[in-house]
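Enquirer: Got a structure for you, questions after.
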Amino acid sequence: MTQMPPLVALVGNPNAGKSALFNALTGARQKIANYPGVTVERKSGRALFADGCPVEMIDLPGAYSLDPDSLDEAVTRDVVLGNLAGHRRPDALVIVLDAGNLDNHLRFALELIAQGLPTVVALNMIDLAERDGLQLDAQALARALGVPVIETVAVRRRGLEPLMAQLDQILIAPRSVTDPVASSFGAQNQRARDIARAAIISETAGRQWTRRLDAILLHPVGGVVILLSLLFLMFQAVYGWSEAPIGWIESGFALLSDGIKNVMPDGLLRSFLTDGVIAGVGSVVVFLPQILILFLFILLLEASGYMTRAAFVMDRMMAAVGLSGHSFIPLLSSFACAIPGIMATRTIMDQKERLATILIAPLMTCSARLPVYTVIIGAFIPASTVGPGIGLQGLVLFGLYIAGILGAMLAAAVIQRFVTQSRTSSFLIEMPRYQWPRPGDIAINLWQRAWVFLRRAGTIIFAATVILWALLSFPKAPDGSNVSQVEYSVAGRIADGLEPIVRPIGFNHDIALALIPAMAAREVAVSALATVYAIDAADEDAAATSLGPKLAADWSLATALAFLAWFVFAPQCISTIAVTRRETNGWKWPIFMVSYLFALAYAAAGITYWTARSFGL
Amino acid sequence: MQLDRLPLNQIAVIRTIDWGSLPDQESHRLRALGFEPGVTIEALHKGILMWRDPLAVRIGRMTVALRTKVAAAIDCEISA
């Protein structure tokens with residue numbers, strides 16, 4: 001039996017460069033899971049000592065102290081103290097300190113060192129500190145703290161080898177426990193500042209990039225304009241930059257489908273592969289480029305330090321509906337996917353605000369809606385321009401995003417007033433220094449997101465498509481019958497039951513059919529429609545053309561617009577409902593969320609349909 | 001002078017903090033961020049559009065954003 005490799009936890013204040021150091025130490029060999037019993041993301045990875053022995057590293061959530069303010073911080077405390085059931089206590093700690101921010105970060109370091117675990121301090125981002133005119137004495141710091149201190153620059157891989165060597169040593173020969181930490185916060189802070197002062201060799205006025213940039217980005221008017229422009233650019237890019245790669249993926253799947261048709265005889269298995277698997281999964285995988293572009297923007301905003309500035313700019317407006325700038329960050333993440341968004345609410349201190357943010361997060365237009373929006377917009381909205389560089393299609397997409405945001409703001413105001421009955425919100429946040437995002441870190445993150453998406457396409461969406469294909473293909477309509485295969489099938493009959501309910505809001509039989517499997521995930525609506533039309537196609541040529549033209553021929557514009565309005569609100573995502581249940585510890589809030597969102601979706605689709613009809617569309 | 005009234009780019013020292021007027025969570029987080037009597041502080045940016053809220057301040061080597069309501073509980077003295 002092999003021995004378990006030692007477990008080393010990276011711990012430190014938020015913004016100390018912890019994750020960058022973790023990436024540098026473990027490379028791309030990372031595992032993302034959850035801590036037992038909580039939905040806090042557990043990032044772990046393997047690093048190797050010089051002699052080739054492995055060590056397991058975990059990246060703990062950033063914290064300010066072992067006396068937690070948020071769920072994230074509670075996990076950090078429980079892991080460090082060995083109190084998290086089902087999780088072993090780390091064998092050693094790497095305390096990550098921002099070299100440029102010792103005065104503020106050393107207090108937590110002292111608290112951690114006093115826990116008595118073997119500890120190394122990584123004096124991280126030493127290059128940024130030097131850029132800002134700060135010369136530090138790592139040896140003096142090590143003497144004052146009683147643990148080894150290694151200078152590191154995670155993003156340039158500086159100091160990694162000495163750090164691993166030191167870690168190896170302290171794991172072999174643990175230090176004796178040092179003096180207990182001073183009891184009061186004030187005394188700890190005082191000691192931290194004294195140590196910081198002693199460790200500073202010289203201090204000259206630096207270039208203060210952060211301050212200069214903040215003067216622009218936090219400008220009372222300019223800051224708002226910049227944020228709105230960035231968001232607009234982000235949404236235009238999602239549409240504009242993805243066109244070419246989407247084309248490649250589409251032709252790839254078309255080639256695959258044709259290849260199968262050439263080598264296989266017509267029959268059930270061929271229909272299963274081409275109409276079921278390829279039409280269904282392919283129609284969703286096609287949106288990978290857009291999802292990655294969206295995540296790229298959000299990761300860049302996060303890594304550069306701009307995200308908290310965006311929260312600053314938005315705070316006052318969020319306060320108008322009873323939220324704060326804290327809610328802005330999870331809500332912006334929800335534009336990529338509501339699941340990480342809802343999980344990011346754990347950093348919100350105020351529990352009522354956190355609940356309200358969770359309940360409105362599904363209203364942010366997540367990337368799973370993009371497949372639905374893109375197909376419908378592509379089929380029904382002409383690709384004309386309404387101004388220099390502004391396409392009508394992009395504008396409609398932007399309008400859908402705005403509709404989601406306005407709906408969310410309205411919902412937040414009502415929820416905070418009548419449901420959580422919160423009277424105040426608070427905003428108190430550290431704003432990190434600006435830095436260039438490291439391409440490697442962004443790439444690792446993007447790869448992880450792509451993998452999660454493809455895994456979903458390969459599992460949930462694959463399963464939903466296969467089941468739907470089966471429901472659509474059986475029983476077989478008798479030859480010469482004037483009832484189409486779709487109408488005759490099991491799925492068609494289920495849809496018959498749903499149709500009377502959605503008929504008043506302009507939905508047809510095919511939509512009723514697509515809405516059922518779309519409960520698993522919104523993008524399934526597209527693959528479901530693709531499968532319906534592929535199976536229903538009178539001949540092979542019709543099946544080969546893409547979904548858009550078929551919809552354009554079949555639906556009225558009013559129906560298409562109602563369908564879009566429905567998906568602005570409809571909570572059709574099993575994973576979101578599941579994560580809401582976990583994050584709120586019960587069924588009460590997910591049920592509330594699903595009910596109010598379906599009610600809104602029904603109302604919005606109905607109003608859209610009848611308004612459009614009255615304009616003769 | 002209360003922190004929310006401190007002129008921009010004016011270096012000051014925190015004299016007292018009225019912990020009692022703040023909700024527990026906010027005073028706890030303020031302490032964790034290093035807000036304490038005797039610490040040097042500077043107001044950097046104030047508000048968005050027509051609002052004078054929130055406020056960005058420098059404390060130690062860190063920039064922190066907070067609302068004026070909290071800043072009003074922090075009394076500072078302009079240093080010479």
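In the structure tokens, each chain is lettered A, B, ... as it comes, each chain's residues begin at 1, and ligands are numbered from 1 in order of appearance.
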List as a list in words the protein and nucleic acid residues near stretch 45-51 of chain B, meaning an atom at most 8 Å away when only C-alpha atoms are counted, but skip any in the same chain fewer than 5 places from it.

Expert: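 Contacts, with the query itself left out: Ala215, Leu218, His219, Pro220, Val221, Gly223, Val224, Val313 and Arg316 of chain A; Leu8, Ala56 and Val57 of chain B.
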
Enquirer: Store the residues picked out above, limited to N, CA and C atoms, as an mmCIF file, in the first residue's frame.

Expert:
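Now in again.cif:
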```cif
data_model
loop_
_atom_site.group_PDB
_atom_site.id
_atom_site.type_symbol
_atom_site.label_atom_id
_atom_site.label_comp_id
_atom_site.auth_asym_id
_atom_site.auth_seq_id
_atom_site.Cartn_x
_atom_site.Cartn_y
_atom_site.Cartn_z
ATOM 1 N N ALA A 215 -8.180 56.849 -10.612
ATOM 2 C CA ALA A 215 -8.673 58.202 -10.861
ATOM 3 C C ALA A 215 -9.530 58.227 -12.125
ATOM 4 N N LEU A 218 -12.593 55.013 -11.489
ATOM 5 C CA LEU A 218 -13.580 55.296 -10.443
ATOM 6 C C LEU A 218 -14.096 56.724 -10.573
ATOM 7 N N HIS A 219 -13.830 57.361 -11.704
ATOM 8 C CA HIS A 219 -14.318 58.724 -11.914
ATOM 9 C C HIS A 219 -15.851 58.734 -11.844
ATOM 10 N N PRO A 220 -16.416 59.735 -11.150
ATOM 11 C CA PRO A 220 -17.872 59.727 -10.945
ATOM 12 C C PRO A 220 -18.684 59.582 -12.238
ATOM 13 N N VAL A 221 -18.215 60.135 -13.327
ATOM 14 C CA VAL A 221 -18.943 59.993 -14.591
ATOM 15 C C VAL A 221 -18.200 59.037 -15.527
ATOM 16 N N GLY A 223 -16.108 56.701 -14.955
ATOM 17 C CA GLY A 223 -16.112 55.312 -14.506
ATOM 18 C C GLY A 223 -17.356 54.565 -14.953
ATOM 19 N N VAL A 224 -18.489 55.265 -14.907
ATOM 20 C CA VAL A 224 -19.753 54.646 -15.320
ATOM 21 C C VAL A 224 -19.735 54.390 -16.821
ATOM 22 N N VAL A 313 -18.525 51.034 -8.711
ATOM 23 C CA VAL A 313 -19.310 51.882 -9.609
ATOM 24 C C VAL A 313 -20.795 51.532 -9.509
ATOM 25 N N ARG A 316 -24.072 52.088 -5.741
ATOM 26 C CA ARG A 316 -25.156 53.030 -5.465
ATOM 27 C C ARG A 316 -26.443 52.602 -6.185
ATOM 28 N N LEU B 8 -10.553 64.932 -0.259
ATOM 29 C CA LEU B 8 -9.794 63.940 -1.008
ATOM 30 C C LEU B 8 -8.296 64.231 -0.936
ATOM 31 N N ALA B 56 -13.771 55.468 -1.565
ATOM 32 C CA ALA B 56 -12.581 54.606 -1.600
ATOM 33 C C ALA B 56 -11.503 55.279 -0.763
ATOM 34 N N VAL B 57 -10.957 54.546 0.193
ATOM 35 C CA VAL B 57 -9.925 55.122 1.052
ATOM 36 C C VAL B 57 -8.673 54.260 1.017
#
```

Enquirer: Fewer than 6 positions away in the same chain doesn't count, so skip those; otherwise give me all residues within 10 Å of stretch 446-453 of chain A, counting only C-alpha atoms, as an MDAnalysis selection string.

Expert: chainID A and resid 28 30:32 284:285 287:289 291:293 295:296 299 336 368 440 459

Enquirer: Could you please take those selected residues and save C-alpha atoms as a compact mmCIF listing (two decimals), in the first residue's frame?

Expert:
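That gives us selection-v5.txt:
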```
# COMPACT_ATOMS: atom_id res chain seq x y z
CA ALA A 28 -2.70 22.24 -15.17
CA GLN A 30 -5.87 20.38 -10.96
CA LYS A 31 -9.05 18.86 -9.65
CA ILE A 32 -12.11 20.92 -8.86
CA VAL A 284 -25.19 22.69 -28.22
CA VAL A 285 -21.44 22.18 -28.60
CA PHE A 287 -21.96 27.44 -28.56
CA LEU A 288 -18.67 26.62 -26.90
CA PRO A 289 -16.91 29.61 -28.56
CA ILE A 291 -19.35 30.67 -23.75
CA LEU A 292 -15.56 30.80 -23.73
CA ILE A 293 -15.52 34.42 -24.92
CA PHE A 295 -15.82 33.54 -19.52
CA LEU A 296 -12.65 35.09 -20.96
CA LEU A 299 -11.82 36.07 -15.94
CA ALA A 336 -21.64 33.15 -17.84
CA ALA A 368 -27.02 28.42 -21.81
CA GLY A 440 -1.37 30.84 -18.33
CA THR A 459 -23.83 13.73 -20.11
```

Enquirer: Do you know which residues are at most 8 Å from A:Asp510 counting only C-alpha atoms, after dropping those on the same chain fewer than 3 positions away, and could you put them as a list in words?

Expert: Ala495, Leu513, Ala514, Leu529 and Val532 of chain A

Enquirer: Store the residues picked out above, limited to C-alpha atoms, as an mmCIF file, in the first residue's frame.

Expert:
```
data_model
loop_
_atom_site.group_PDB
_atom_site.id
_atom_site.type_symbol
_atom_site.label_atom_id
_atom_site.label_comp_id
_atom_site.auth_asym_id
_atom_site.auth_seq_id
_atom_site.Cartn_x
_atom_site.Cartn_y
_atom_site.Cartn_z
ATOM 1 C CA ALA A 495 -46.828 17.726 -25.800
ATOM 2 C CA LEU A 513 -42.479 19.508 -26.972
ATOM 3 C CA ALA A 514 -39.114 21.223 -26.643
ATOM 4 C CA LEU A 529 -36.065 21.394 -31.730
ATOM 5 C CA VAL A 532 -37.819 17.185 -33.763
#
```

Enquirer: Have a look at atom CA of A:Arg197 and atom CA of B:Leu3 and let me know their distance in Å, one decimal.

Expert: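 That distance, rounded to one decimal, is 24.9 Å.
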
Enquirer: If I take atom CA of B:His28 and atom CA of A:Asn585, how far is one from the other in Å, to one decimal?

Expert: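 Computing the Euclidean distance for atom CA of B:His28 and atom CA of A:Asn585 yields 25.3 Å.
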
Enquirer: Mind listing as number ranges by chain which residues of chain B are within 9 Å of chain A, counting only C-alpha atoms?

Expert: B: 25-26, 28-34, 36, 44-56, 59-67, 70

Enquirer: Save out the residues we just selected, N, CA and C atoms, as a short mmCIF file (atom, residue, chain, number, x, y, z; two decimals), in the first residue's frame.

Expert:
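Result went into part.cif, see below:
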```cif
data_model
loop_
_atom_site.label_atom_id
_atom_site.label_comp_id
_atom_site.auth_asym_id
_atom_site.auth_seq_id
_atom_site.Cartn_x
_atom_site.Cartn_y
_atom_site.Cartn_z
N GLN B 25 -21.37 42.76 11.84
CA GLN B 25 -20.61 42.25 10.71
C GLN B 25 -19.67 43.31 10.15
N GLU B 26 -20.21 44.53 10.06
CA GLU B 26 -19.39 45.58 9.47
C GLU B 26 -18.23 45.96 10.38
N HIS B 28 -16.78 44.00 12.46
CA HIS B 28 -15.86 42.86 12.42
C HIS B 28 -14.98 42.93 11.18
N ARG B 29 -15.59 43.19 10.01
CA ARG B 29 -14.84 43.25 8.77
C ARG B 29 -13.90 44.46 8.76
N LEU B 30 -14.38 45.60 9.32
CA LEU B 30 -13.52 46.79 9.41
C LEU B 30 -12.26 46.48 10.20
N ARG B 31 -12.44 45.78 11.32
CA ARG B 31 -11.27 45.42 12.14
C ARG B 31 -10.34 44.51 11.36
N ALA B 32 -10.92 43.54 10.65
CA ALA B 32 -10.10 42.60 9.89
C ALA B 32 -9.32 43.32 8.80
N LEU B 33 -9.89 44.41 8.28
CA LEU B 33 -9.20 45.16 7.23
C LEU B 33 -8.18 46.13 7.82
N GLY B 34 -8.09 46.19 9.14
CA GLY B 34 -7.06 47.00 9.78
C GLY B 34 -7.50 48.40 10.19
N GLU B 36 -8.40 51.00 12.72
CA GLU B 36 -8.14 51.10 14.15
C GLU B 36 -7.65 52.49 14.48
N LEU B 44 -9.60 58.68 -1.18
CA LEU B 44 -9.09 58.71 -2.56
C LEU B 44 -10.15 59.08 -3.59
N HIS B 45 -11.31 58.46 -3.47
CA HIS B 45 -12.36 58.69 -4.48
C HIS B 45 -13.70 58.73 -3.78
N LYS B 46 -14.58 59.52 -4.34
CA LYS B 46 -15.88 59.68 -3.71
C LYS B 46 -16.97 59.57 -4.75
N GLY B 47 -17.81 58.54 -4.61
CA GLY B 47 -19.08 58.52 -5.29
C GLY B 47 -19.10 58.37 -6.79
N ILE B 48 -20.31 58.20 -7.28
CA ILE B 48 -20.59 57.92 -8.68
C ILE B 48 -21.75 58.80 -9.10
N LEU B 49 -21.66 59.40 -10.27
CA LEU B 49 -22.70 60.30 -10.79
C LEU B 49 -23.05 61.34 -9.72
N MET B 50 -24.34 61.47 -9.39
CA MET B 50 -24.69 62.54 -8.45
C MET B 50 -24.58 62.12 -6.99
N TRP B 51 -24.26 60.85 -6.74
CA TRP B 51 -24.16 60.41 -5.35
C TRP B 51 -22.74 60.65 -4.82
N ARG B 52 -22.60 60.86 -3.52
CA ARG B 52 -21.28 60.99 -2.91
C ARG B 52 -20.92 59.69 -2.20
N ASP B 53 -21.40 58.60 -2.70
CA ASP B 53 -21.33 57.32 -2.04
C ASP B 53 -21.11 56.26 -3.12
N PRO B 54 -20.34 55.21 -2.94
CA PRO B 54 -19.46 54.92 -1.79
C PRO B 54 -18.15 55.72 -1.86
N LEU B 55 -17.25 55.33 -0.98
CA LEU B 55 -16.02 56.05 -0.77
C LEU B 55 -14.86 55.05 -0.90
N ALA B 56 -13.77 55.47 -1.57
CA ALA B 56 -12.58 54.61 -1.60
C ALA B 56 -11.50 55.28 -0.76
N ILE B 59 -5.83 52.68 3.31
CA ILE B 59 -5.48 52.39 4.70
C ILE B 59 -4.27 51.47 4.65
N GLY B 60 -3.19 51.87 5.29
CA GLY B 60 -1.94 51.15 5.11
C GLY B 60 -1.57 51.21 3.64
N ARG B 61 -1.37 50.04 3.04
CA ARG B 61 -1.05 50.01 1.61
C ARG B 61 -2.20 49.43 0.82
N MET B 62 -3.38 49.54 1.39
CA MET B 62 -4.51 48.86 0.79
C MET B 62 -5.59 49.89 0.44
N THR B 63 -6.33 49.63 -0.62
CA THR B 63 -7.47 50.48 -0.94
C THR B 63 -8.74 49.74 -0.52
N VAL B 64 -9.62 50.43 0.19
CA VAL B 64 -10.85 49.81 0.67
C VAL B 64 -12.02 50.68 0.26
N ALA B 65 -13.09 50.06 -0.22
CA ALA B 65 -14.31 50.78 -0.55
C ALA B 65 -15.30 50.59 0.59
N LEU B 66 -15.94 51.68 0.99
CA LEU B 66 -16.95 51.58 2.04
C LEU B 66 -18.01 52.64 1.80
N ARG B 67 -19.16 52.47 2.46
CA ARG B 67 -20.22 53.45 2.29
C ARG B 67 -20.05 54.60 3.28
N VAL B 70 -20.89 54.10 6.99
CA VAL B 70 -19.87 53.48 7.83
C VAL B 70 -18.75 54.48 8.09
#
```

Enquirer: Can you list, as a list in words, all residues belonging to chain B that DSSP tags as helix (DSSP H, G or I)?

Expert: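 Reading the DSSP output for chain B, helix (DSSP H, G or I) covers Leu3, Asp4, Arg5, Trp19, Gly20, Ser21, Asp24, Gln25, Glu26, Ser27, His28, Arg29, Leu30, Arg31, Ala32, Thr68, Lys69, Val70 and Ala71 of chain B.
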
Enquirer: Can you write out the residues you just picked, keeping C-alpha atoms, as an mmCIF file, in the first residue's frame?

Expert:
```cif
data_model
loop_
_atom_site.group_PDB
_atom_site.id
_atom_site.type_symbol
_atom_site.label_atom_id
_atom_site.label_comp_id
_atom_site.auth_asym_id
_atom_site.auth_seq_id
_atom_site.Cartn_x
_atom_site.Cartn_y
_atom_site.Cartn_z
ATOM 1 C CA LEU B 3 -14.015 60.137 7.422
ATOM 2 C CA ASP B 4 -16.860 60.826 4.993
ATOM 3 C CA ARG B 5 -16.120 64.555 5.235
ATOM 4 C CA TRP B 19 -18.041 50.650 17.008
ATOM 5 C CA GLY B 20 -21.405 50.767 18.772
ATOM 6 C CA SER B 21 -23.091 52.531 15.858
ATOM 7 C CA ASP B 24 -21.604 43.571 14.093
ATOM 8 C CA GLN B 25 -20.605 42.248 10.706
ATOM 9 C CA GLU B 26 -19.391 45.577 9.472
ATOM 10 C CA SER B 27 -17.346 46.347 12.566
ATOM 11 C CA HIS B 28 -15.861 42.864 12.417
ATOM 12 C CA ARG B 29 -14.843 43.249 8.766
ATOM 13 C CA LEU B 30 -13.522 46.788 9.413
ATOM 14 C CA ARG B 31 -11.274 45.415 12.144
ATOM 15 C CA ALA B 32 -10.103 42.598 9.889
ATOM 16 C CA THR B 68 -20.444 56.931 3.777
ATOM 17 C CA LYS B 69 -22.711 55.634 6.527
ATOM 18 C CA VAL B 70 -19.871 53.485 7.830
ATOM 19 C CA ALA B 71 -17.284 56.188 7.154
#
```

Enquirer: Using only C-alpha atoms, can you tell me which of B:Arg58, B:Gln2, B:Ile11, B:Phe35 comes closest to B:Ile74?

Expert: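 Nearest to B:Ile74: B:Gln2.
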
Enquirer: What is the atom CA of A:Glu56 to atom CA of A:Ala578 distance in Å?

Expert: 29.7 Å

Enquirer: Based on the backbone DSSP call, show me all residues of stretch 14-76 of chain B assigned strand (DSSP E or B), as a list in words.

Expert: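 Result set for stretch 14-76 of chain B (strand (DSSP E or B)): Ile14, Arg15, Thr16, Ile17, Thr40, Ile41, Glu42, Ala43, Leu44, His45, Lys46, Leu55, Ala56, Val57, Arg58, Ile59, Met62, Thr63, Val64, Ala65, Leu66, Ile74, Asp75 and Cys76 of chain B.
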
Enquirer: Suppose we keep N, CA and C atoms; can you now write the selection as a compact mmCIF listing (two decimals), in the first residue's frame?

Expert:
```txt
# COMPACT_ATOMS: atom_id res chain seq x y z
N ILE B 14 -6.69 57.98 12.08
CA ILE B 14 -7.95 57.63 12.74
C ILE B 14 -7.83 57.93 14.24
N ARG B 15 -8.81 58.70 14.76
CA ARG B 15 -8.76 59.03 16.18
C ARG B 15 -9.60 58.02 16.97
N THR B 16 -10.86 57.93 16.63
CA THR B 16 -11.71 56.94 17.29
C THR B 16 -12.66 56.33 16.27
N ILE B 17 -13.16 55.16 16.60
CA ILE B 17 -14.19 54.53 15.77
C ILE B 17 -15.36 54.22 16.68
N THR B 40 -3.02 55.43 9.76
CA THR B 40 -3.07 56.49 8.75
C THR B 40 -4.09 56.17 7.68
N ILE B 41 -4.82 57.18 7.25
CA ILE B 41 -5.89 56.94 6.29
C ILE B 41 -5.98 58.13 5.33
N GLU B 42 -6.46 57.85 4.13
CA GLU B 42 -6.56 58.91 3.14
C GLU B 42 -7.77 58.63 2.25
N ALA B 43 -8.59 59.65 2.02
CA ALA B 43 -9.74 59.47 1.13
C ALA B 43 -9.26 59.64 -0.31
N LEU B 44 -9.60 58.68 -1.18
CA LEU B 44 -9.09 58.71 -2.56
C LEU B 44 -10.15 59.08 -3.59
N HIS B 45 -11.31 58.46 -3.47
CA HIS B 45 -12.36 58.69 -4.48
C HIS B 45 -13.70 58.73 -3.78
N LYS B 46 -14.58 59.52 -4.34
CA LYS B 46 -15.88 59.68 -3.71
C LYS B 46 -16.97 59.57 -4.75
N LEU B 55 -17.25 55.33 -0.98
CA LEU B 55 -16.02 56.05 -0.77
C LEU B 55 -14.86 55.05 -0.90
N ALA B 56 -13.77 55.47 -1.57
CA ALA B 56 -12.58 54.61 -1.60
C ALA B 56 -11.50 55.28 -0.76
N VAL B 57 -10.96 54.55 0.19
CA VAL B 57 -9.93 55.12 1.05
C VAL B 57 -8.67 54.26 1.02
N ARG B 58 -7.53 54.89 1.30
CA ARG B 58 -6.29 54.13 1.44
C ARG B 58 -6.05 53.92 2.92
N ILE B 59 -5.83 52.68 3.31
CA ILE B 59 -5.48 52.39 4.70
C ILE B 59 -4.27 51.47 4.65
N MET B 62 -3.38 49.54 1.39
CA MET B 62 -4.51 48.86 0.79
C MET B 62 -5.59 49.89 0.44
N THR B 63 -6.33 49.63 -0.62
CA THR B 63 -7.47 50.48 -0.94
C THR B 63 -8.74 49.74 -0.52
N VAL B 64 -9.62 50.43 0.19
CA VAL B 64 -10.85 49.81 0.67
C VAL B 64 -12.02 50.68 0.26
N ALA B 65 -13.09 50.06 -0.22
CA ALA B 65 -14.31 50.78 -0.55
C ALA B 65 -15.30 50.59 0.59
N LEU B 66 -15.94 51.68 0.99
CA LEU B 66 -16.95 51.58 2.04
C LEU B 66 -18.01 52.64 1.80
N ILE B 74 -16.25 56.80 11.65
CA ILE B 74 -14.80 56.84 11.83
C ILE B 74 -14.36 58.30 11.95
N ASP B 75 -13.79 58.62 13.10
CA ASP B 75 -13.38 59.99 13.34
C ASP B 75 -11.88 60.12 13.10
N CYS B 76 -11.47 61.06 12.25
CA CYS B 76 -10.04 61.19 11.96
C CYS B 76 -9.54 62.60 12.26
```

Enquirer: Quick one: residues within 9 Å of A:Leu561, only C-alpha atoms, excluding same-chain residues fewer than 5 positions away - as a list of chain:residue names?

Expert: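 Result of the neighbour search: A:Ile376, A:Ile377, A:Phe380, A:Ser556, A:Trp566, A:Ala605, A:Thr608, A:Tyr609, A:Ala612.
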
Enquirer: With only C-alpha atoms as the counted atoms, please give the residues lying no more than 10 Å from A:Leu66, apart from itself and same-chain residues fewer than 3 positions off, as number ranges by chain.

Expert: A: 63, 69, 73-78, 80-81, 108, 111-112

Enquirer: With only C-alpha atoms as the atoms that count, which of A:Met264, A:Met593, A:Ile216, A:Ala33 lies nearest to A:Ala356?

Expert: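 Of A:Met264, A:Met593, A:Ile216, A:Ala33, the one nearest A:Ala356 is A:Met593, counting only C-alpha atoms.
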
Enquirer: Can you work out which one of A:Val372, A:Leu213, A:Met519, A:Ile249 has the shortest atom-to-atom distance to A:Tyr306, counting only C-alpha atoms?

Expert: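 Checking each of A:Val372, A:Leu213, A:Met519, A:Ile249 against A:Tyr306, counting only C-alpha atoms, the winner is A:Leu213.
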
Enquirer: Can you pull out the residues contacting A:Val490? Cut-off 8 Å, using only C-alpha atoms, and skip same-chain residues under 3 positions away; I want them as a ChimeraX atom specification.

Expert: /A:471-472,474-475,493-494

Enquirer: Using only C-alpha atoms, which protein or nucleic acid residues come within 7 Å of A:Gln416? Drop anything in the same chain fewer than 4 positions from it, and give the result as a list in words.

Expert: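 Neighbouring residues, sequence-local ones excluded: Gly322, Ala356, Ala412, Thr420, Gln421 and Ser422 of chain A.
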